[in-house]
Structures are given as C-alpha cells and as structure tokens.
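First comes the structure, then the notes that go with it.
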Amino acid sequence: MGKAELPLHTPGTKIDRGYIGESVPRPNAARLLQGRGAFTDDLRFPRLAHVAFFRSPYAHALIKKLDLEPARRQPGVIGVFDGRAVAEYCTPWVAVLAHLKGIKSPEQHAIAIERACWQGEAVAAVVAESRTQAEDAVQLIEAEWEELPVVVDMEESLKNTKTIHPGFEDNICFKREHDTGGVDDAFAKADVVVEDTFHFGRHTGVCLEGRAILADYNAAEHSLTVYHATQAPHMMQDIFSRHLNIPEGNVRVIAKDVGGSFGIKVHVYADEMATAALSVMLRRPVKFVADRLESFLSDIHAREHRAKVRVACTKAGEILAFELDDLTAIGPYSVYPRTSGIEGNQVVNLTGGPYRHQKYKARMHVVFTNKNVTCQYRAVGHPIAVALTEGIVDLAAQKLGMDPAEFRRINLIADDAYPYTFPSGIKFEKLSHHKALDLLLKITNYAHLRAEQSRLRQQKIYRGIGLAAMIEVTNPSPAFYGVGGARISAQDGATIRLEPTGMVTVMCSVTEQGQGTEGIFAQIAASAVGVSMDKVKVITGDTGVTPYGGGTWASRGAGIGGEAVLQAGRALRSNMLEVAAHILKADKAELDIAGNAVINKLTQERKLELAELGRVAYFRPDTLPMDFQSELTVTRHYTPRQYGFTFTNGIQASLVEVDPDTGFVKLLKHWCVEDSGTVINPMLVDEQLRGGVVQGIGAALYEECLYSPEGQLLNGNMADYLVPMSGEMPDIVCAHIETPTLQSQLGAKGVGEAGTAGAPAAIMNAINDALAPLNARVTRMPFTPERILRALKKV
Amino acid sequence: MDQTLVVTLMVNGTQVTRSVQPRQHLVDFLRDELGLTGSHIGCEHGVCGACTLRVNGEIVRGCLMLAVQANGCRVDTIEGLSDSKELAKLQKAFHEKNALQCGFCTPGMLMAAQDLVRLNRKPTREEIRSHISGNYCRCTGYQAIVDAIEEVVNG
Amino acid sequence: MKAPSFAYAKPRSLTEAFDLLERPGAKILAGGQSLIPALNMRLSSPELLVDITGLKDLSKIEARDGVVRIGALCTHTMVERSPEVREHLPLIADAVAHIAHPAIRNRGTLGGSLALADPNAELPACALALDAVLVVAGKKGERRVPAAGFFKALFETDLGPGEILVGAEFPKAAKSVFLELARRQGDYAIVGLAGTSRGGDKRIAFFGVAATPILIKPRSLDEAKKALPMPNGDLYNSPATKRHLAGVLLERAWTRL
C-alpha cells in the first residue's frame, strides 16, 4: 500500500489514499475474539481490596443515623466508611458551566453526607477482601431515615409545589429561551399550522461491561494510578488531581479495554470518586465494578423529555417557522463536569435542523427530580430534536396531503446554500441533504415501497414507511465545554515513533471503546508514513504515555484524533526522509516512503529498507553528518477552529408492519444514508451506524426506566428493562456520501452517534404512517403494544 | 465458618482441583480462581449471555451454575476453544465482517454461534438471529454477527 | 451481585434427599435457572441447597398408552429434542421452544418449571391444557395430583414441605395449539395460551394473566370470550390490554382447535 497525499479532499487530483477508505479488519479485535482482552475487572493486583456501597432505599430522605459497626465486624472487611470519612479525602463538586447562563446545581459529595436524593445514591462504603464479603457486610449496616417529599414528575417539579433542595427557590437546573423574532407573526400569517406534544421515555445506556474503576494509590510517592473504564482519561486525571489533592503529574489514568460506553463512561460518578478516595485513605489498590442492578440505579439516565412543537407552513408546503417548548427531567444533581443542561440545550439548538426557515422560538426548562442523575448519552439531544422535528414535519405533510419525501424535498436546505447560519445560531460548513435524500429514495426503492404499502392496505396489512432527516454535531471545538470553564480538552495529539526495526508506534489521546479508534489510527498512520498496517502499533488511553487530549465524546475520534495522527505521520515521514537522504547521500525531494522502504519517487525503486534506516539512526548516528540529529518521534496536535461544531447530515428510513390487533410492531428493514466526510473505514462506519440505529430502536420501542410515584425504580434489571436483541432487529442498509470538512487535511467528520440520532424518529414516523388509515397516532416513546392499542382505541 | 467443598473438573482439557464456597458461580470460579478472564459477567441473572460457556458439550449460562455443580464436568471456555482452534472459522469470519466492537459480548456470542454451527444445519438468517437471541450486544447492530455466522454455516 | 452464603449437598437417592430437605432452610436445586438468579440478587437466602440433579431415574421420557411421562429432571432441551414429545405432545414441543434461550434450556428442567409455577411460564399452562397428572414423591410415598389442583397461588403449588416433583404424565390430545405474545424472543410472555381439543372438548389455559394459569373449558368461541379472565396488569400492560391480547390469542387459537 502506498502513502496518502494531502489534503485528501483536494478536488480534481488523483490521490493515493493508502489505507484510507479501505474496510480493513481491526487489528486489536484479535485479542477480543479469543477472550484475551484486558478489561478493568480482569486486572489482578497485590492486596487488591473491593468496595461495595450501601445505597439509599429511598428517593429522598435525611440520613438520621448510620450504624456501621455490625458491618465492620464481618469477615474480610477492611473498613466501613460514611460520607464524612470520605469527604476528608475527596472534595465535593458543583456541575455548572459559565456558558449555560443561570445554571444551578447543589454540591455533590463522593458519598452522600446528610441526605440521599435518589434511590440508589451511595451513603456508605464497605471495603473488603472480596466483593462477596463486602456485599455480605453491606447487608448488616443499619440506618435510620427520615423520608422527605419526593418529586418524580417533571411537570410537578416545574410547578415547584415541593422544592427539592433547601436554599434553592425552585427546581430549575437550567432554562433557556431563544427567539429570532417574527415568530408569532409567521404563525399568524401561515396557511397551515400543526402542533403536537411528544414524550420521550427516560432510558439508559446498559453497557455490557459495568462501570469499572481500580484506583491504586502509592503512599510513598503520593501518586495515584487509576485503571478506569473511562472515555476521557485526561479529564479524569485533572479531576482526581483536584479533588483528591494530588499533583496532576502524579496522577495517571489508564483506560484498558472498555466494554462499551456510549457516553455513560465519560462522566464523573460519585461512587467512582469514592473508590479513588478510599485507595488514598487505605493506601492500597481498591476496585469497584458496578453490578447490573447498581448500573440501572446509578449509571446516568437520559432523554426524559416532554416537547411541544409547532410548525407554520405555506399551503405550498414551505416551512416558515418552528416553535418549541421543551421540558426535561434530570436527577437531583447536575452531573460533573459536563452538566446535565447540555441535552436540553442541544434540543433547542437542533430543532428544525435540516430545513430552510428563518423564524424560530424556543423555551426550554431542565428540572431536578428525585430520580437517578442524567447526563450526556450517545447522540445527546439529537434523538429528541430529530424526532420532534421529523414528527411534526410528517404531520404537516399529512395535513397538506403531501408525500413525506416530497415535503422534505421542498424544505431541505439546498446543497449549494453553504456556509449557512441556522436560526438557532449554529453554523453549517457544507451539508448534502438533497444528495442524501436522492440516495435514500434510490436504495429504498421508495416508489415501490409506497405501491406495495397501498396494495397491502387493501388486505388489511398495515405497513409504514418513516423518514428522518437529520443533522449531527461532531468534532466539537472548545465551544462545547471549554468556553464554559470546563477542563475538558477539545484538542488532541498523536505521537508517532519509528522503532529501530522499522515498525511504527502511534500514541494518541483519543480512546477506544470498540468503535475502531485504534484501527483507523493504524490505517491513517500507515498511510501517512508509507508503511504496511502490520507494522503499526497503536496505544491509546494512558495519560502517562499519550499526548494530552480530550478522549472520546461527541463523535470526535476520527475527525480530531485522526487528523493529529495524519499530521504526525506526515511529519515523521518527512523526518525519516531527512535521515534517508543523508544515508543515501541523495536529494530528499527525490525520495519517498512506500511499502516499508524508502523509494525513489520517479522509478519506485526500493533504496533503503526502513529497518536499516532505524538501525543507522538509533545505533549508528556516528555515521551521519556532525550537525544532524534525527528526530524519529514526532507529535502533532489538532483543534478544529473554523466551526464550533462540524455538522454532518444524514437521512434514515424505517419500514415496519403494525399488527392492529396486538399493537406489536415488526421491523422489516432500515436504511441509513450518512455523510460524515472522509470515510476512513467503511466497514467500521457501517457497524457504528447499525449499532447506533439499534440503540435508537431501543429508545423507540423498548427502553424506559420506570419509576413509581415514590421514586422507586421498578424495572432495574435485564429481564424487566428491555434492550434490543437480535431476534427482533431488521437488517440495516447503510450508504455513504462524502462531503469532507475543509478544516482538516483528513476531511473526516464524526459518525458515531448518527444512527442513534435518527432511528427513533424514523421508527415513530413509520408507525404513524402505518396507523394513518386507522386514524391512530402515537407520540409517546417507547411505543409499546399498549400505547399503540390505546391509540387504536382498542383498550 | 462457611462450608467449602472440593471440586475437581476438566477445564479446557486440564484437570483442576479447588476448594470452593457453594455460593460461588462458575464464571466467578473461572475468572477468580483460574484466572480465565475471557468469560465475562454482564448481569448475573442469566439474561445477557456474556457468561455463556460450554459444560459437558452444551452451552450454559456460567452465572447460573454453581462451581460445585461443575464437579466432574468438562468445561470449555473461550480461551480453550481458541487454542484448540475449534472457533477459528468463526473468529476469522467475525474479524473480517467486523462482528464485534468492544468485545465484551464476543466470547459468549462465539459460544452461542458455535453451538449453532455444531448442529450442522443450514439455518436461515432468521434462525441464526433466533439462536443468538439470548446474547446481548450493545455495540454492533447484530447484523455483522449474523453475516459472519451465515458465512460459516454455509461453508 | 454475589449470592449470600449457603451450604450445599447432593444426595444420591430420593431417601437421602428427603432427609436433607428436613433440615432448616433447605431448598431444592435442580437446573437453577430461576433459583440462582434469585440468589445472586439476594432475593432468597436458603441455608442449604439440596441438589437433586444426581438422581438419575428422574430424567426419562416414556410414551405408553397415549400418555407421555416426562421425568422432572428432563431439561427443556431434552424435551425439545425428544421424538416421543414431538410425535405425541406437539403442544409441549412448541411451548418449550419458547422458553428463554438455548443456554437456559440446557439446564432448566421441566420439573423445576412446574414446581416454581411462575405465572408467566409456559409449562404450567400446558399441563392444565393437557389435563396432566403431576407425580409427587415424599417420605410418606408417592402421590398423583391432577394439574387442575396443583397450581394454587402465586409461586405456590400443592407440593408440601420435603416433597419433590418427580415427573408429569401428559395424555395426548387430538389437536393442540400454543400461542404466546412476547416483546422479544425468549422473554416471559405478556399473555399466552395453551389449548387442546379432544373429541368435542376444548381446554384452554391462559398464562401471564393471573397468579396461576387459568383454565377454561368453553363450548363455543362466544362462551370462551365471556369466560376470559380479567388479568392482573404488569409493568407495561394494563389489565385491559392483557385482556384484549388474551382475546386476540383466543380468536387465533380457536380455528386451530
């Protein structure tokens, strides 16, 4: 394989992209296939202690008394600690950011001290020689509680009949209003106004690997090494340092193999901070792995929204304005350090996303409740914004008697309208909505689907076709968090080193949770340097080894980390050619690197094997010119600068069949067209899209965290909380369009969250399309059989 | 003092004898006593399939079997079936079709897939989906997994 | 979630088993596919588990004179693959394929399912529909209990303390139908129905509707609809929804009986 010329997106030139664009199987998958990965829970340490937590059985209660003595006496118990004891080692935090004006949150401790604010909040910790012994001891802790009023319902929380936090005048964590002006006018003058209210069920990530952390404090050095299933090791390094009062350079965070995260593992969890504090306190390694029941109670939840939306159109079907009133329920604390205000904020930013219009008014409230904490979970806000937009657009199309694809065709922002500033203030570099719609109509054979639907309706078989056009935030700049004061890095770096035998090691600050980060970095590095992929080793997830960076979140790995790797690779190649020029006594300009050797650019003749270059540079520099020092380790960093967020676009279609007798929905097929700029590995992108779509299907049909009026989680186990399994999933057809971003040489945008962003909307629209002849409509996710039967007035 | 019992079993072809507490389930035994961390724990109530392994030639949920119940049994884990190459075709297909991402479900998924392959039929895609319907994967969309298994069962 | 501490014994004979079951806090362990999750979640704390899977005579399947006797320790997989069951009891063969997933079916037993009597389980309803006889053994000897008298209340059967279900005898039926509605393959049913027809007599047992399976013996579809029980709701389905779904299954089953 050759090397990649830059920029990859230069039009009109014939470019050798190396491995970029190839569906190469991931090198690091081999160990996972043999069960030879190293997940955090797999690690063994001398004197390793285990922690289990005593968790509040109440949604809101004062901790009147905690008797830890009976637990302390249990076999294998090393210590039992309450919130006060842990607070001596770990300072509390408040999750607010300056750019979310007016956001407020109470202080949160690693272990609750006076009051438990949600069922499952940890109020004591048992450290023992084994997890089993710790759990035995937890059962013996005696507590006296004084129950406090519980707020569970979001509308009730907004009304503020019961204020959850003393010292706050209401339950509002954050609110935002946005008004372009002229909105009321637009609605008054419109030919057609449709409105609807959509409800989205609170749900959660359900990563197969539970949250896992192993903190190892070395008392002699006052240093802390944390093996942490986290997406953002540097962010955690900073947080452990500041809150445990250990100098930053003495904290090392290492993310080994991570069993899925989807945003769940990018947040600061009180019980994980407690675990680290306990290691410092006890001066030995301490491990915590959240078991499945704990996960449901305490992994962040997300997406509990009630959204009222209206759209104003002309009778020709042109959208004039959108109006939104969104209410979302979080837990009792905003989650650190990204805050729980971002999801709602995104809904305001993204509503109406793909469509041409000037007028927009939005009002959004984020309210506290006594349910589990919530924060960013894959696609953050997009699933809501896309569903309410696409849902109301379909309703408008229906009212106008227009085909939904036709309605979208009229309103999608034109492919040549860029750069474009959107009514919510966001800016688009370049999108391809129409090209995507064209491709979707083609791959779905849309006309045929409609004809078949029509025919089957006569046999009382109700199929539905649902479309969902969308935009997605990727490659964020510091505009997302940094500007608000968060020590969250939006830049990343890659160090790339030539080894003496001609292999190449890449160390990058973006992390891997299975999406294929390490695989694409190997592809990019190999292409940039001119080596074959089997010569490349990638290391991620270690703050002691990689450059400083942001890690994985908001679909930034390929676009930002990939760019750093590309630039570092190109720089290394240049430095290698310097050395080669000296060794060969040739002109650097005549040389190139390809196929693991230095070659003559013109003749393609192999002139110097890289192993020989390495040997000379590292072991015989005495043979090189006096004033020359080889630099065969290069670091480059990259920050996206021109655009605060690099938007991508896509469009999905869902084909369903609804059984009107049972309310059951059969997913027949799903299509996903996505434009994420330069595609580095189509196979990896496809499975990211599919995995995302299936998560979205979960949201649309199956997943909801159900709470009682007393704030008790009713379905916190794998039997009662329904996740998508293979038996019910459709085949998902993916197609790509590539509109590269010009902000980088790689031109890659992000794609990790796109599937999840659009799938719930597509499914909802498909179900409603199927139900349309029966005069039924559903707007409350997940669409269980009961909700569909109710819409059909059968129950 | 908690009761402990001595169990002897064959694990990946090697005889092991250990003293165990009755309450320890088989996956914890394999992971903690024998260091075979390839079998994973996802729920400990038998629903997710991450702990699927083979006992006396049949797939079972390792979290729903006590280590003491494995006394006298033949246990095969992902490590053993990898080394014996029994899973080689499936592993190659999974790799080439990107039928895994984070890899946490993969050992259990391979066990379930191999169970189907050994039945020596030509299952449809629907039948493949049915056979792995008890193995939760959050990362992939299941489709690549079905593709990989389909390739192997069709020879 | 790690199970609480308990002792374990594996008797080699029924006599030994009966003795062990007299100890305080003793509980039978067979396949463990329902018991062990409960233990792992600390929902149950027995003091002694009596593992009866060593009792070899209890895993036979025999067909004789229009009745198939299935030993209590037969795993669901054994039942699923049995030629006798396939030929004489298609209802059971159908039903068992709906139980969870292969890895669970390899360990879970017919006896365990009947003795646990989970209201959403398939086999108790099949036993009712087929008018089966449950064979119970105890220190005092063996007794035979018709299925109609076996399932008494939520997770409660006619099994007395120290008794072990050793088998079930299922008479053939001329026609049978098994229908179940579940969100995902292998899930417990929202509602289900096991129906048989012998001569003109129909027996239809609903499961997932109440604390125990509910049997009706209707002479017409109208009568059947009127006899539909008003179910308990669950986390996702109101009583009205379940009743509606039971009615849908009834209509679909009727034509096949």
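Residues are referred to by chain and number: the chain letter is A, B, ... according to the order shown in the structure tokens, the number counts from 1 in that chain, and ligands are numbered separately from 1 in the order shown.
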
Next on the checklist: Could you work out which residues of chain B fall inside 10 Å of chain C? Count only C-alpha atoms, and format the result as number ranges by chain.
Outcome noted: B: 2-5, 21-25, 28, 43-47, 49, 52-55, 58-66, 68-69, 111-112, 115-116, 129-135

Checklist entry - Among stretch 151-276 of chain A, which ones does DSSP place in strand (DSSP E), written as a ChimeraX atom specification? => result /A:172-179,192-200,203-204,212-218,223-228,251-254

Write the selection just made, keeping C-alpha atoms, as a short mmCIF file (atom, residue, chain, number, x, y, z; two decimals), in the first residue's frame?
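So again-v3.cif came out as:
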data_model
loop_
_atom_site.label_atom_id
_atom_site.label_comp_id
_atom_site.auth_asym_id
_atom_site.auth_seq_id
_atom_site.Cartn_x
_atom_site.Cartn_y
_atom_site.Cartn_z
CA ILE A 172 -34.98 24.55 37.78
CA CYS A 173 -31.44 23.49 37.00
CA PHE A 174 -31.26 25.44 33.76
CA LYS A 175 -33.56 27.26 31.43
CA ARG A 176 -33.08 28.83 28.10
CA GLU A 177 -35.07 30.93 25.69
CA HIS A 178 -34.31 31.64 22.11
CA ASP A 179 -36.25 33.96 19.81
CA VAL A 192 -51.11 25.74 7.84
CA VAL A 193 -50.12 25.33 11.47
CA VAL A 194 -49.69 21.93 13.04
CA GLU A 195 -48.72 21.18 16.58
CA ASP A 196 -48.17 18.14 18.72
CA THR A 197 -46.64 17.10 22.00
CA PHE A 198 -44.05 14.35 22.08
CA HIS A 199 -42.94 12.41 25.13
CA PHE A 200 -39.66 10.60 25.38
CA HIS A 203 -33.72 5.40 29.43
CA THR A 204 -30.10 4.44 29.90
CA ALA A 212 -15.28 -0.26 36.46
CA ILE A 213 -12.51 1.53 38.31
CA LEU A 214 -9.39 0.28 40.08
CA ALA A 215 -7.54 3.00 41.96
CA ASP A 216 -4.00 2.32 43.13
CA TYR A 217 -2.51 4.88 45.48
CA ASN A 218 1.17 4.76 46.26
CA SER A 223 0.86 9.16 43.41
CA LEU A 224 -2.31 7.63 42.10
CA THR A 225 -2.71 5.28 39.16
CA VAL A 226 -6.30 4.69 38.16
CA TYR A 227 -7.33 1.92 35.82
CA HIS A 228 -10.62 3.31 34.70
CA VAL A 251 -1.96 11.04 38.66
CA ARG A 252 -2.03 8.56 35.84
CA VAL A 253 -5.26 7.31 34.33
CA ILE A 254 -5.24 4.22 32.18
#

Checklist entry - Could you write out as a VMD selection string the residues of chain B within 7 Å of chain A, counting only C-alpha atoms? => result chain B and resid 37 to 39 42 to 43 47 78 to 79 82 91 95 to 96 98 101 to 104 106 to 107 129 to 130 132 to 133 136 138 to 143

Put those residues in a file: N, CA, C and O atoms, as a compact mmCIF listing (two decimals), in the first residue's frame.
# COMPACT_ATOMS: atom_id res chain seq x y z
N THR B 37 -10.09 -15.02 32.41
CA THR B 37 -10.95 -13.84 32.41
C THR B 37 -11.64 -13.62 31.08
O THR B 37 -12.27 -12.58 30.87
N GLY B 38 -11.53 -14.55 30.18
CA GLY B 38 -12.20 -14.39 28.88
C GLY B 38 -13.71 -14.50 28.97
O GLY B 38 -14.42 -13.95 28.14
N SER B 39 -14.23 -15.21 29.95
CA SER B 39 -15.68 -15.27 30.16
C SER B 39 -16.07 -14.06 30.99
O SER B 39 -15.43 -13.76 31.98
N GLY B 42 -22.05 -9.92 32.81
CA GLY B 42 -22.81 -8.76 32.36
C GLY B 42 -24.03 -8.48 33.20
O GLY B 42 -24.49 -7.36 33.23
N CYS B 43 -24.57 -9.51 33.86
CA CYS B 43 -25.79 -9.24 34.60
C CYS B 43 -25.96 -10.11 35.83
O CYS B 43 -26.65 -9.74 36.77
N VAL B 47 -29.53 -13.27 31.81
CA VAL B 47 -30.27 -12.70 30.68
C VAL B 47 -29.36 -12.22 29.54
O VAL B 47 -29.73 -12.32 28.38
N ILE B 78 -13.66 -19.77 26.33
CA ILE B 78 -13.23 -19.12 25.09
C ILE B 78 -11.73 -19.32 24.86
O ILE B 78 -11.28 -19.52 23.73
N GLU B 79 -10.96 -19.31 25.95
CA GLU B 79 -9.52 -19.48 25.80
C GLU B 79 -9.20 -20.88 25.25
O GLU B 79 -8.39 -21.04 24.34
N SER B 82 -10.28 -21.34 21.70
CA SER B 82 -9.44 -20.57 20.78
C SER B 82 -8.16 -21.36 20.53
O SER B 82 -7.73 -21.54 19.39
N GLN B 91 -14.09 -17.15 14.36
CA GLN B 91 -13.31 -15.98 14.74
C GLN B 91 -12.83 -15.21 13.52
O GLN B 91 -12.84 -13.99 13.48
N HIS B 95 -13.99 -11.47 12.57
CA HIS B 95 -12.97 -10.45 12.39
C HIS B 95 -13.15 -9.75 11.05
O HIS B 95 -13.16 -8.53 10.96
N GLU B 96 -13.33 -10.55 10.01
CA GLU B 96 -13.42 -9.96 8.68
C GLU B 96 -14.70 -9.17 8.47
O GLU B 96 -14.73 -8.25 7.67
N ASN B 98 -16.27 -7.60 10.93
CA ASN B 98 -16.42 -6.61 12.00
C ASN B 98 -17.62 -6.94 12.87
O ASN B 98 -18.44 -6.08 13.19
N GLN B 101 -17.28 -5.14 18.42
CA GLN B 101 -16.69 -3.82 18.61
C GLN B 101 -15.95 -3.81 19.94
O GLN B 101 -14.75 -3.98 19.97
N CYS B 102 -16.64 -3.69 21.04
CA CYS B 102 -15.92 -3.63 22.31
C CYS B 102 -15.41 -5.00 22.72
O CYS B 102 -14.50 -5.11 23.53
N GLY B 103 -16.02 -6.05 22.21
CA GLY B 103 -15.56 -7.40 22.50
C GLY B 103 -16.09 -8.01 23.77
O GLY B 103 -15.78 -9.15 24.09
N PHE B 104 -16.93 -7.28 24.53
CA PHE B 104 -17.34 -7.82 25.81
C PHE B 104 -18.33 -8.96 25.63
O PHE B 104 -18.34 -9.93 26.39
N THR B 106 -18.44 -10.82 23.01
CA THR B 106 -17.91 -11.72 21.98
C THR B 106 -17.66 -13.16 22.42
O THR B 106 -18.07 -14.08 21.72
N PRO B 107 -17.00 -13.39 23.55
CA PRO B 107 -16.82 -14.80 23.93
C PRO B 107 -18.14 -15.55 24.05
O PRO B 107 -18.30 -16.65 23.51
N ARG B 129 -30.51 -15.52 13.86
CA ARG B 129 -30.91 -14.48 14.82
C ARG B 129 -31.57 -15.11 16.03
O ARG B 129 -31.37 -14.70 17.16
N SER B 130 -32.36 -16.14 15.80
CA SER B 130 -33.05 -16.81 16.88
C SER B 130 -32.06 -17.49 17.83
O SER B 130 -32.20 -17.41 19.05
N ILE B 132 -29.01 -16.74 18.52
CA ILE B 132 -28.22 -15.81 19.33
C ILE B 132 -29.11 -14.77 20.01
O ILE B 132 -28.61 -13.78 20.53
N SER B 133 -30.41 -15.03 20.03
CA SER B 133 -31.33 -14.03 20.58
C SER B 133 -31.18 -13.87 22.08
O SER B 133 -31.78 -12.99 22.67
N TYR B 136 -26.83 -10.51 24.34
CA TYR B 136 -26.97 -9.06 24.20
C TYR B 136 -25.69 -8.45 23.63
O TYR B 136 -24.59 -8.72 24.12
N ARG B 138 -24.53 -4.49 22.57
CA ARG B 138 -24.97 -3.10 22.53
C ARG B 138 -24.25 -2.33 21.44
O ARG B 138 -24.69 -1.28 21.04
N CYS B 139 -23.10 -2.85 21.01
CA CYS B 139 -22.26 -2.08 20.08
C CYS B 139 -22.65 -2.27 18.62
O CYS B 139 -22.82 -1.30 17.90
N THR B 140 -22.70 -3.51 18.18
CA THR B 140 -22.97 -3.74 16.76
C THR B 140 -24.48 -3.71 16.57
O THR B 140 -25.23 -3.62 17.50
N GLY B 141 -24.94 -3.81 15.39
CA GLY B 141 -26.38 -3.88 15.17
C GLY B 141 -26.84 -5.31 15.02
O GLY B 141 -27.93 -5.56 14.53
N TYR B 142 -26.01 -6.23 15.43
CA TYR B 142 -26.22 -7.68 15.28
C TYR B 142 -26.02 -8.17 13.85
O TYR B 142 -25.71 -9.33 13.63
N GLN B 143 -26.19 -7.26 12.90
CA GLN B 143 -26.19 -7.72 11.51
C GLN B 143 -24.86 -8.35 11.09
O GLN B 143 -24.84 -9.40 10.46

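Every protein, DNA or RNA residue with an atom at most 9 Å from B:Leu90, where only C-alpha atoms count and chain neighbours fewer than 3 positions away do not, is listed here: Glu86, Leu87, Ala93, Phe94, His95, Leu110, Ala113, Gln114, Ala148, Ile149, Glu151 and Val152 of chain B.
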
For the selection just defined, write its residues with N, CA, C and O atoms to a file, as a short mmCIF file (atom, residue, chain, number, x, y, z; two decimals), in the first residue's frame.
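The resulting file, out22.cif, is reproduced below:
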data_model
loop_
_atom_site.label_atom_id
_atom_site.label_comp_id
_atom_site.auth_asym_id
_atom_site.auth_seq_id
_atom_site.Cartn_x
_atom_site.Cartn_y
_atom_site.Cartn_z
N GLU B 86 -10.98 -24.72 17.61
CA GLU B 86 -12.36 -25.08 17.26
C GLU B 86 -13.14 -23.86 16.76
O GLU B 86 -14.01 -23.96 15.91
N LEU B 87 -12.81 -22.68 17.31
CA LEU B 87 -13.56 -21.47 16.93
C LEU B 87 -12.91 -20.70 15.79
O LEU B 87 -13.37 -19.62 15.43
N ALA B 93 -14.28 -15.19 10.56
CA ALA B 93 -15.44 -14.55 9.95
C ALA B 93 -15.86 -13.32 10.74
O ALA B 93 -16.17 -12.27 10.18
N PHE B 94 -15.88 -13.45 12.07
CA PHE B 94 -16.23 -12.30 12.92
C PHE B 94 -15.25 -11.15 12.66
O PHE B 94 -15.65 -9.99 12.57
N HIS B 95 -13.99 -11.47 12.57
CA HIS B 95 -12.97 -10.45 12.39
C HIS B 95 -13.15 -9.75 11.05
O HIS B 95 -13.16 -8.53 10.96
N LEU B 110 -19.66 -16.05 20.57
CA LEU B 110 -18.99 -17.11 19.83
C LEU B 110 -19.44 -18.48 20.31
O LEU B 110 -19.62 -19.40 19.52
N ALA B 113 -22.79 -19.03 18.86
CA ALA B 113 -22.67 -19.25 17.42
C ALA B 113 -22.14 -20.65 17.12
O ALA B 113 -22.64 -21.35 16.25
N GLN B 114 -21.13 -21.05 17.88
CA GLN B 114 -20.53 -22.36 17.65
C GLN B 114 -21.55 -23.47 17.96
O GLN B 114 -21.57 -24.50 17.33
N ALA B 148 -21.53 -12.99 9.71
CA ALA B 148 -20.35 -13.84 9.97
C ALA B 148 -20.77 -15.29 10.20
O ALA B 148 -20.17 -16.22 9.66
N ILE B 149 -21.81 -15.49 10.98
CA ILE B 149 -22.27 -16.85 11.26
C ILE B 149 -22.81 -17.48 9.98
O ILE B 149 -22.55 -18.66 9.68
N GLU B 151 -21.89 -16.94 7.00
CA GLU B 151 -20.78 -17.34 6.13
C GLU B 151 -20.23 -18.69 6.57
O GLU B 151 -19.93 -19.56 5.76
N VAL B 152 -20.09 -18.88 7.88
CA VAL B 152 -19.51 -20.13 8.37
C VAL B 152 -20.46 -21.31 8.18
O VAL B 152 -20.05 -22.39 7.76
#

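As for atom CA of A:Lys256 and atom CA of A:Gln231, they are spaced 10.4 Å apart.
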
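Residue nearest chain A within the list C:Arg42, C:Phe151, C:Leu123, C:Ile164: C:Arg42 [criterion: smallest interatomic distance, only C-alpha atoms].
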
Next on the checklist: Rounded to one decimal, what separation in Å do you get between atom CA of A:Gln712 and atom CA of A:Ser105?
Outcome noted: 22.4 Å

Item to check | Pick from C:Thr109, C:Ser13, C:Ser238, C:Thr255, whichever lies nearest to chain A using only C-alpha atoms | outcome: C:Ser238

Item to check | Residues near stretch 193-203 of chain C, cut-off 10 Å, only C-alpha atoms, skip fewer than 2 positions along chain, as a PyMOL selection string | outcome: chain C and resi 91-92+94-95+122-131+172-181+189+191+205-209+213-220+224+246+249-250+253-254+256-257

Mind running stretch 75-178 of chain C against stretch 61-67 of chain C at 8 Å and telling me each contacting residue's nearest atom pair with the distance in Å (one decimal), counting only C-alpha atoms, chain and number ascending, as a tab-separated table?
residue	atom	partner	partner_atom	distance
C:Ser82	CA	C:Ile61	CA	7.8
C:Glu84	CA	C:Ala63	CA	6.4
C:His88	CA	C:Gly66	CA	7.7
C:Glu169	CA	C:Val67	CA	6.3
C:Phe170	CA	C:Val67	CA	5.4
C:Pro171	CA	C:Val67	CA	4.2
C:Lys172	CA	C:Gly66	CA	5.6
